[in-house]
Amino acid sequence: MNRNQVVFVNGVLHWLTGSSSCMLALDLDCDVWRKISLPDEVCYGSGNRIYLLDSDDCLLVIQISDVWMKTWVLNDYYSEEWHAADRASLRLLRDWYRAFFQQVRPVNVCSL
C-alpha cells in the first residue's frame, strides 16, 4: 500500500495526510470535505507504518511497528470516535514462523 492510497467506505473517499496525523474525507453524496483525527494512540515515525483499510463497510486504521500491529475501527464519523479493535505481537508471529520453518526440511527438486 502506498501513501496515496484511497479507501472508499459508505460513499466517502478517505486519504491519510502526509504527516499521518489525520485523514481527509470526501463525501461524494453531498460533495463535502472533512478532516478526521486519527486515534490518539497512533503515532507516525520511528519505524511505524500506518494504513487505511475497508472491512465490512467499516474504516480501519492499521499501525505496524517493529513489535506490534494495532487496529482501530472508526465507530462514529461525527464524534470521531475510534475503537481499539485488535493488537497482535509481531515478535510472537516471528518466533512462530521461525519455529515452524526450522521443522520443515527442504526438498531436493532435482531428485524427484
# chains A, B, ... in the order shown; residues from 1 in each chain; ligands from 1
>>> select_by_dssp(residues="stretch 12-86 of chain A", states="strand (DSSP E)", output="MDAnalysis selection string")
chainID A and resid 12:16 22:27 32:37 49:55 58:64 68:76 81:86
>>> write_last_selection(atoms="N, CA and C atoms", output="compact mmCIF listing (two decimals), in the first residue's frame")
# COMPACT_ATOMS: atom_id res chain seq x y z
N VAL A 12 -17.90 7.53 0.95
CA VAL A 12 -16.89 8.54 1.30
C VAL A 12 -15.51 8.03 0.91
N LEU A 13 -14.72 8.90 0.25
CA LEU A 13 -13.32 8.60 -0.06
C LEU A 13 -12.45 9.11 1.09
N HIS A 14 -11.44 8.30 1.48
CA HIS A 14 -10.57 8.65 2.61
C HIS A 14 -9.11 8.59 2.18
N TRP A 15 -8.32 9.59 2.63
CA TRP A 15 -6.88 9.63 2.39
C TRP A 15 -6.18 9.95 3.70
N LEU A 16 -5.02 9.35 3.93
CA LEU A 16 -4.16 9.77 5.03
C LEU A 16 -3.44 11.04 4.61
N CYS A 22 -3.84 12.89 10.61
CA CYS A 22 -5.28 12.87 10.39
C CYS A 22 -5.54 12.33 8.99
N MET A 23 -6.81 12.26 8.63
CA MET A 23 -7.15 11.86 7.26
C MET A 23 -8.15 12.86 6.70
N LEU A 24 -8.20 12.92 5.38
CA LEU A 24 -9.18 13.74 4.69
C LEU A 24 -10.25 12.82 4.14
N ALA A 25 -11.50 13.29 4.19
CA ALA A 25 -12.62 12.50 3.72
C ALA A 25 -13.48 13.35 2.79
N LEU A 26 -13.84 12.80 1.65
CA LEU A 26 -14.71 13.48 0.69
C LEU A 26 -16.00 12.68 0.57
N ASP A 27 -17.09 13.26 1.06
CA ASP A 27 -18.41 12.63 0.96
C ASP A 27 -18.92 12.89 -0.45
N VAL A 32 -18.79 17.19 0.17
CA VAL A 32 -18.26 17.91 1.32
C VAL A 32 -16.98 17.24 1.79
N TRP A 33 -15.96 18.07 2.05
CA TRP A 33 -14.68 17.59 2.59
C TRP A 33 -14.70 17.68 4.11
N ARG A 34 -14.04 16.71 4.76
CA ARG A 34 -13.88 16.74 6.22
C ARG A 34 -12.46 16.34 6.57
N LYS A 35 -12.01 16.84 7.68
CA LYS A 35 -10.74 16.42 8.26
C LYS A 35 -11.09 15.59 9.50
N ILE A 36 -10.60 14.35 9.57
CA ILE A 36 -10.93 13.45 10.67
C ILE A 36 -9.64 13.08 11.40
N SER A 37 -9.65 13.25 12.70
CA SER A 37 -8.49 12.91 13.52
C SER A 37 -8.34 11.39 13.60
N ARG A 49 4.38 2.25 10.50
CA ARG A 49 3.70 2.42 9.22
C ARG A 49 2.20 2.43 9.50
N ILE A 50 1.48 3.31 8.82
CA ILE A 50 0.05 3.48 9.06
C ILE A 50 -0.69 3.32 7.74
N TYR A 51 -1.78 2.55 7.78
CA TYR A 51 -2.57 2.27 6.59
C TYR A 51 -4.05 2.42 6.90
N LEU A 52 -4.82 2.78 5.89
CA LEU A 52 -6.28 2.77 5.96
C LEU A 52 -6.78 1.53 5.23
N LEU A 53 -7.82 0.91 5.78
CA LEU A 53 -8.42 -0.27 5.16
C LEU A 53 -9.93 -0.21 5.28
N ASP A 54 -10.59 -0.98 4.43
CA ASP A 54 -12.04 -1.16 4.48
C ASP A 54 -12.31 -2.60 4.85
N SER A 55 -13.15 -2.80 5.86
CA SER A 55 -13.55 -4.16 6.24
C SER A 55 -15.02 -4.14 6.62
N CYS A 58 -16.60 -0.81 7.17
CA CYS A 58 -16.05 -0.04 8.28
C CYS A 58 -14.67 0.46 7.89
N LEU A 59 -14.31 1.64 8.37
CA LEU A 59 -12.99 2.20 8.11
C LEU A 59 -12.06 1.79 9.24
N LEU A 60 -10.91 1.24 8.88
CA LEU A 60 -9.92 0.81 9.86
C LEU A 60 -8.62 1.54 9.66
N VAL A 61 -7.91 1.77 10.75
CA VAL A 61 -6.54 2.25 10.73
C VAL A 61 -5.67 1.14 11.29
N ILE A 62 -4.63 0.79 10.55
CA ILE A 62 -3.68 -0.23 10.98
C ILE A 62 -2.35 0.47 11.21
N GLN A 63 -1.76 0.24 12.38
CA GLN A 63 -0.43 0.76 12.67
C GLN A 63 0.49 -0.43 12.88
N ILE A 64 1.58 -0.47 12.12
CA ILE A 64 2.54 -1.57 12.22
C ILE A 64 3.87 -0.99 12.65
N TRP A 68 4.53 -4.43 17.23
CA TRP A 68 3.08 -4.62 17.29
C TRP A 68 2.40 -4.27 15.99
N MET A 69 1.25 -4.88 15.77
CA MET A 69 0.31 -4.45 14.75
C MET A 69 -0.99 -4.14 15.49
N LYS A 70 -1.43 -2.89 15.41
CA LYS A 70 -2.63 -2.45 16.12
C LYS A 70 -3.69 -2.01 15.12
N THR A 71 -4.95 -2.29 15.44
CA THR A 71 -6.06 -1.98 14.55
C THR A 71 -7.12 -1.19 15.31
N TRP A 72 -7.59 -0.10 14.70
CA TRP A 72 -8.69 0.69 15.23
C TRP A 72 -9.80 0.76 14.20
N VAL A 73 -11.05 0.82 14.67
CA VAL A 73 -12.22 0.95 13.81
C VAL A 73 -12.89 2.29 14.13
N LEU A 74 -13.25 3.03 13.07
CA LEU A 74 -13.97 4.29 13.27
C LEU A 74 -15.43 3.97 13.54
N ASN A 75 -15.87 4.20 14.78
CA ASN A 75 -17.25 3.89 15.17
C ASN A 75 -18.23 4.99 14.77
N ASP A 76 -17.81 6.25 14.86
CA ASP A 76 -18.71 7.36 14.59
C ASP A 76 -17.95 8.47 13.87
N GLU A 81 -15.06 9.01 16.93
CA GLU A 81 -14.84 8.00 17.97
C GLU A 81 -14.23 6.74 17.36
N TRP A 82 -13.05 6.39 17.85
CA TRP A 82 -12.33 5.19 17.38
C TRP A 82 -12.38 4.12 18.46
N HIS A 83 -12.41 2.88 18.02
CA HIS A 83 -12.41 1.73 18.93
C HIS A 83 -11.17 0.89 18.65
N ALA A 84 -10.38 0.62 19.69
CA ALA A 84 -9.21 -0.25 19.53
C ALA A 84 -9.72 -1.68 19.34
N ALA A 85 -9.58 -2.20 18.13
CA ALA A 85 -10.18 -3.49 17.78
C ALA A 85 -9.27 -4.67 18.03
N ASP A 86 -7.96 -4.49 17.80
CA ASP A 86 -7.06 -5.65 17.91
C ASP A 86 -5.63 -5.18 18.07
>>> atom_distance(atom1="atom CA of A:Asn48", atom2="atom CA of A:Gly11")
28.8 Å
>>> atom_distance(atom1="atom CA of A:Leu28", atom2="atom CA of A:Val9")
10.6 Å
>>> atom_distance(atom1="atom CA of A:Ala88", atom2="atom CA of A:Val42")
14.9 Å
>>> select_by_dssp(residues="stretch 2-93 of chain A", states="alpha helix (DSSP H)", output="PyMOL selection string")
chain A and resi 90-93
>>> decode(residues="stretch 63-92 of chain A", atoms="N, CA, C and O atoms", output="PDB file, in the first residue's frame")
ATOM      1  N   GLN A  63      -1.762   0.242  12.385  1.00  0.00           N
ATOM      2  CA  GLN A  63      -0.430   0.760  12.671  1.00  0.00           C
ATOM      3  C   GLN A  63       0.493  -0.428  12.885  1.00  0.00           C
ATOM      4  O   GLN A  63       0.224  -1.298  13.705  1.00  0.00           O
ATOM      5  N   ILE A  64       1.579  -0.468  12.117  1.00  0.00           N
ATOM      6  CA  ILE A  64       2.538  -1.566  12.219  1.00  0.00           C
ATOM      7  C   ILE A  64       3.874  -0.989  12.654  1.00  0.00           C
ATOM      8  O   ILE A  64       4.415  -0.089  12.008  1.00  0.00           O
ATOM      9  N   SER A  65       4.381  -1.497  13.771  1.00  0.00           N
ATOM     10  CA  SER A  65       5.702  -1.110  14.252  1.00  0.00           C
ATOM     11  C   SER A  65       6.603  -2.337  14.180  1.00  0.00           C
ATOM     12  O   SER A  65       6.206  -3.371  13.647  1.00  0.00           O
ATOM     13  N   ASP A  66       7.785  -2.240  14.735  1.00  0.00           N
ATOM     14  CA  ASP A  66       8.676  -3.399  14.762  1.00  0.00           C
ATOM     15  C   ASP A  66       8.145  -4.494  15.671  1.00  0.00           C
ATOM     16  O   ASP A  66       8.502  -5.654  15.527  1.00  0.00           O
ATOM     17  N   VAL A  67       7.290  -4.131  16.623  1.00  0.00           N
ATOM     18  CA  VAL A  67       6.861  -5.067  17.654  1.00  0.00           C
ATOM     19  C   VAL A  67       5.375  -5.407  17.578  1.00  0.00           C
ATOM     20  O   VAL A  67       4.986  -6.542  17.834  1.00  0.00           O
ATOM     21  N   TRP A  68       4.530  -4.434  17.231  1.00  0.00           N
ATOM     22  CA  TRP A  68       3.079  -4.621  17.292  1.00  0.00           C
ATOM     23  C   TRP A  68       2.400  -4.270  15.989  1.00  0.00           C
ATOM     24  O   TRP A  68       2.872  -3.428  15.239  1.00  0.00           O
ATOM     25  N   MET A  69       1.251  -4.881  15.768  1.00  0.00           N
ATOM     26  CA  MET A  69       0.306  -4.452  14.747  1.00  0.00           C
ATOM     27  C   MET A  69      -0.987  -4.143  15.494  1.00  0.00           C
ATOM     28  O   MET A  69      -1.548  -5.013  16.168  1.00  0.00           O
ATOM     29  N   LYS A  70      -1.435  -2.890  15.406  1.00  0.00           N
ATOM     30  CA  LYS A  70      -2.634  -2.453  16.123  1.00  0.00           C
ATOM     31  C   LYS A  70      -3.685  -2.013  15.119  1.00  0.00           C
ATOM     32  O   LYS A  70      -3.360  -1.417  14.094  1.00  0.00           O
ATOM     33  N   THR A  71      -4.949  -2.291  15.437  1.00  0.00           N
ATOM     34  CA  THR A  71      -6.062  -1.984  14.554  1.00  0.00           C
ATOM     35  C   THR A  71      -7.122  -1.195  15.309  1.00  0.00           C
ATOM     36  O   THR A  71      -7.501  -1.567  16.419  1.00  0.00           O
ATOM     37  N   TRP A  72      -7.590  -0.102  14.698  1.00  0.00           N
ATOM     38  CA  TRP A  72      -8.687   0.692  15.234  1.00  0.00           C
ATOM     39  C   TRP A  72      -9.796   0.762  14.198  1.00  0.00           C
ATOM     40  O   TRP A  72      -9.542   0.810  13.001  1.00  0.00           O
ATOM     41  N   VAL A  73     -11.048   0.822  14.669  1.00  0.00           N
ATOM     42  CA  VAL A  73     -12.223   0.954  13.811  1.00  0.00           C
ATOM     43  C   VAL A  73     -12.893   2.288  14.128  1.00  0.00           C
ATOM     44  O   VAL A  73     -13.065   2.635  15.307  1.00  0.00           O
ATOM     45  N   LEU A  74     -13.253   3.029  13.072  1.00  0.00           N
ATOM     46  CA  LEU A  74     -13.967   4.292  13.267  1.00  0.00           C
ATOM     47  C   LEU A  74     -15.432   3.969  13.538  1.00  0.00           C
ATOM     48  O   LEU A  74     -16.158   3.507  12.652  1.00  0.00           O
ATOM     49  N   ASN A  75     -15.873   4.199  14.780  1.00  0.00           N
ATOM     50  CA  ASN A  75     -17.252   3.894  15.172  1.00  0.00           C
ATOM     51  C   ASN A  75     -18.234   4.986  14.765  1.00  0.00           C
ATOM     52  O   ASN A  75     -19.371   4.697  14.410  1.00  0.00           O
ATOM     53  N   ASP A  76     -17.806   6.247  14.858  1.00  0.00           N
ATOM     54  CA  ASP A  76     -18.705   7.357  14.587  1.00  0.00           C
ATOM     55  C   ASP A  76     -17.951   8.467  13.868  1.00  0.00           C
ATOM     56  O   ASP A  76     -16.989   9.015  14.406  1.00  0.00           O
ATOM     57  N   TYR A  77     -18.385   8.792  12.655  1.00  0.00           N
ATOM     58  CA  TYR A  77     -17.725   9.833  11.861  1.00  0.00           C
ATOM     59  C   TYR A  77     -17.790  11.198  12.537  1.00  0.00           C
ATOM     60  O   TYR A  77     -16.835  11.956  12.522  1.00  0.00           O
ATOM     61  N   TYR A  78     -18.943  11.541  13.095  1.00  0.00           N
ATOM     62  CA  TYR A  78     -19.157  12.910  13.553  1.00  0.00           C
ATOM     63  C   TYR A  78     -18.475  13.192  14.881  1.00  0.00           C
ATOM     64  O   TYR A  78     -17.954  14.279  15.086  1.00  0.00           O
ATOM     65  N   SER A  79     -18.437  12.216  15.779  1.00  0.00           N
ATOM     66  CA  SER A  79     -17.723  12.416  17.040  1.00  0.00           C
ATOM     67  C   SER A  79     -16.268  11.967  16.929  1.00  0.00           C
ATOM     68  O   SER A  79     -15.502  12.127  17.868  1.00  0.00           O
ATOM     69  N   GLU A  80     -15.902  11.398  15.763  1.00  0.00           N
ATOM     70  CA  GLU A  80     -14.558  10.876  15.506  1.00  0.00           C
ATOM     71  C   GLU A  80     -14.143   9.882  16.595  1.00  0.00           C
ATOM     72  O   GLU A  80     -13.039   9.918  17.113  1.00  0.00           O
ATOM     73  N   GLU A  81     -15.064   9.006  16.929  1.00  0.00           N
ATOM     74  CA  GLU A  81     -14.840   8.000  17.967  1.00  0.00           C
ATOM     75  C   GLU A  81     -14.226   6.744  17.356  1.00  0.00           C
ATOM     76  O   GLU A  81     -14.812   6.123  16.466  1.00  0.00           O
ATOM     77  N   TRP A  82     -13.050   6.387  17.846  1.00  0.00           N
ATOM     78  CA  TRP A  82     -12.326   5.193  17.380  1.00  0.00           C
ATOM     79  C   TRP A  82     -12.375   4.122  18.459  1.00  0.00           C
ATOM     80  O   TRP A  82     -12.353   4.423  19.641  1.00  0.00           O
ATOM     81  N   HIS A  83     -12.412   2.876  18.022  1.00  0.00           N
ATOM     82  CA  HIS A  83     -12.406   1.733  18.934  1.00  0.00           C
ATOM     83  C   HIS A  83     -11.167   0.893  18.651  1.00  0.00           C
ATOM     84  O   HIS A  83     -10.920   0.517  17.491  1.00  0.00           O
ATOM     85  N   ALA A  84     -10.378   0.621  19.693  1.00  0.00           N
ATOM     86  CA  ALA A  84      -9.212  -0.254  19.532  1.00  0.00           C
ATOM     87  C   ALA A  84      -9.720  -1.678  19.340  1.00  0.00           C
ATOM     88  O   ALA A  84     -10.252  -2.294  20.253  1.00  0.00           O
ATOM     89  N   ALA A  85      -9.583  -2.203  18.125  1.00  0.00           N
ATOM     90  CA  ALA A  85     -10.185  -3.487  17.780  1.00  0.00           C
ATOM     91  C   ALA A  85      -9.266  -4.673  18.027  1.00  0.00           C
ATOM     92  O   ALA A  85      -9.721  -5.744  18.420  1.00  0.00           O
ATOM     93  N   ASP A  86      -7.957  -4.492  17.796  1.00  0.00           N
ATOM     94  CA  ASP A  86      -7.063  -5.649  17.908  1.00  0.00           C
ATOM     95  C   ASP A  86      -5.629  -5.178  18.067  1.00  0.00           C
ATOM     96  O   ASP A  86      -5.267  -4.078  17.667  1.00  0.00           O
ATOM     97  N   ARG A  87      -4.831  -6.066  18.657  1.00  0.00           N
ATOM     98  CA  ARG A  87      -3.402  -5.821  18.813  1.00  0.00           C
ATOM     99  C   ARG A  87      -2.713  -7.172  18.751  1.00  0.00           C
ATOM    100  O   ARG A  87      -3.091  -8.099  19.457  1.00  0.00           O
ATOM    101  N   ALA A  88      -1.725  -7.291  17.873  1.00  0.00           N
ATOM    102  CA  ALA A  88      -1.011  -8.560  17.708  1.00  0.00           C
ATOM    103  C   ALA A  88       0.483  -8.323  17.861  1.00  0.00           C
ATOM    104  O   ALA A  88       1.021  -7.365  17.318  1.00  0.00           O
ATOM    105  N   SER A  89       1.130  -9.217  18.592  1.00  0.00           N
ATOM    106  CA  SER A  89       2.571  -9.130  18.765  1.00  0.00           C
ATOM    107  C   SER A  89       3.260  -9.716  17.547  1.00  0.00           C
ATOM    108  O   SER A  89       3.088 -10.896  17.232  1.00  0.00           O
ATOM    109  N   LEU A  90       4.039  -8.906  16.870  1.00  0.00           N
ATOM    110  CA  LEU A  90       4.770  -9.398  15.697  1.00  0.00           C
ATOM    111  C   LEU A  90       5.952 -10.264  16.119  1.00  0.00           C
ATOM    112  O   LEU A  90       6.394 -11.122  15.360  1.00  0.00           O
ATOM    113  N   ARG A  91       6.442 -10.085  17.323  1.00  0.00           N
ATOM    114  CA  ARG A  91       7.519 -10.943  17.826  1.00  0.00           C
ATOM    115  C   ARG A  91       7.028 -12.372  17.986  1.00  0.00           C
ATOM    116  O   ARG A  91       7.731 -13.319  17.655  1.00  0.00           O
ATOM    117  N   LEU A  92       5.810 -12.539  18.492  1.00  0.00           N
ATOM    118  CA  LEU A  92       5.249 -13.886  18.633  1.00  0.00           C
ATOM    119  C   LEU A  92       5.085 -14.546  17.272  1.00  0.00           C
ATOM    120  O   LEU A  92       5.398 -15.721  17.096  1.00  0.00           O
TER     121      LEU A  92
END
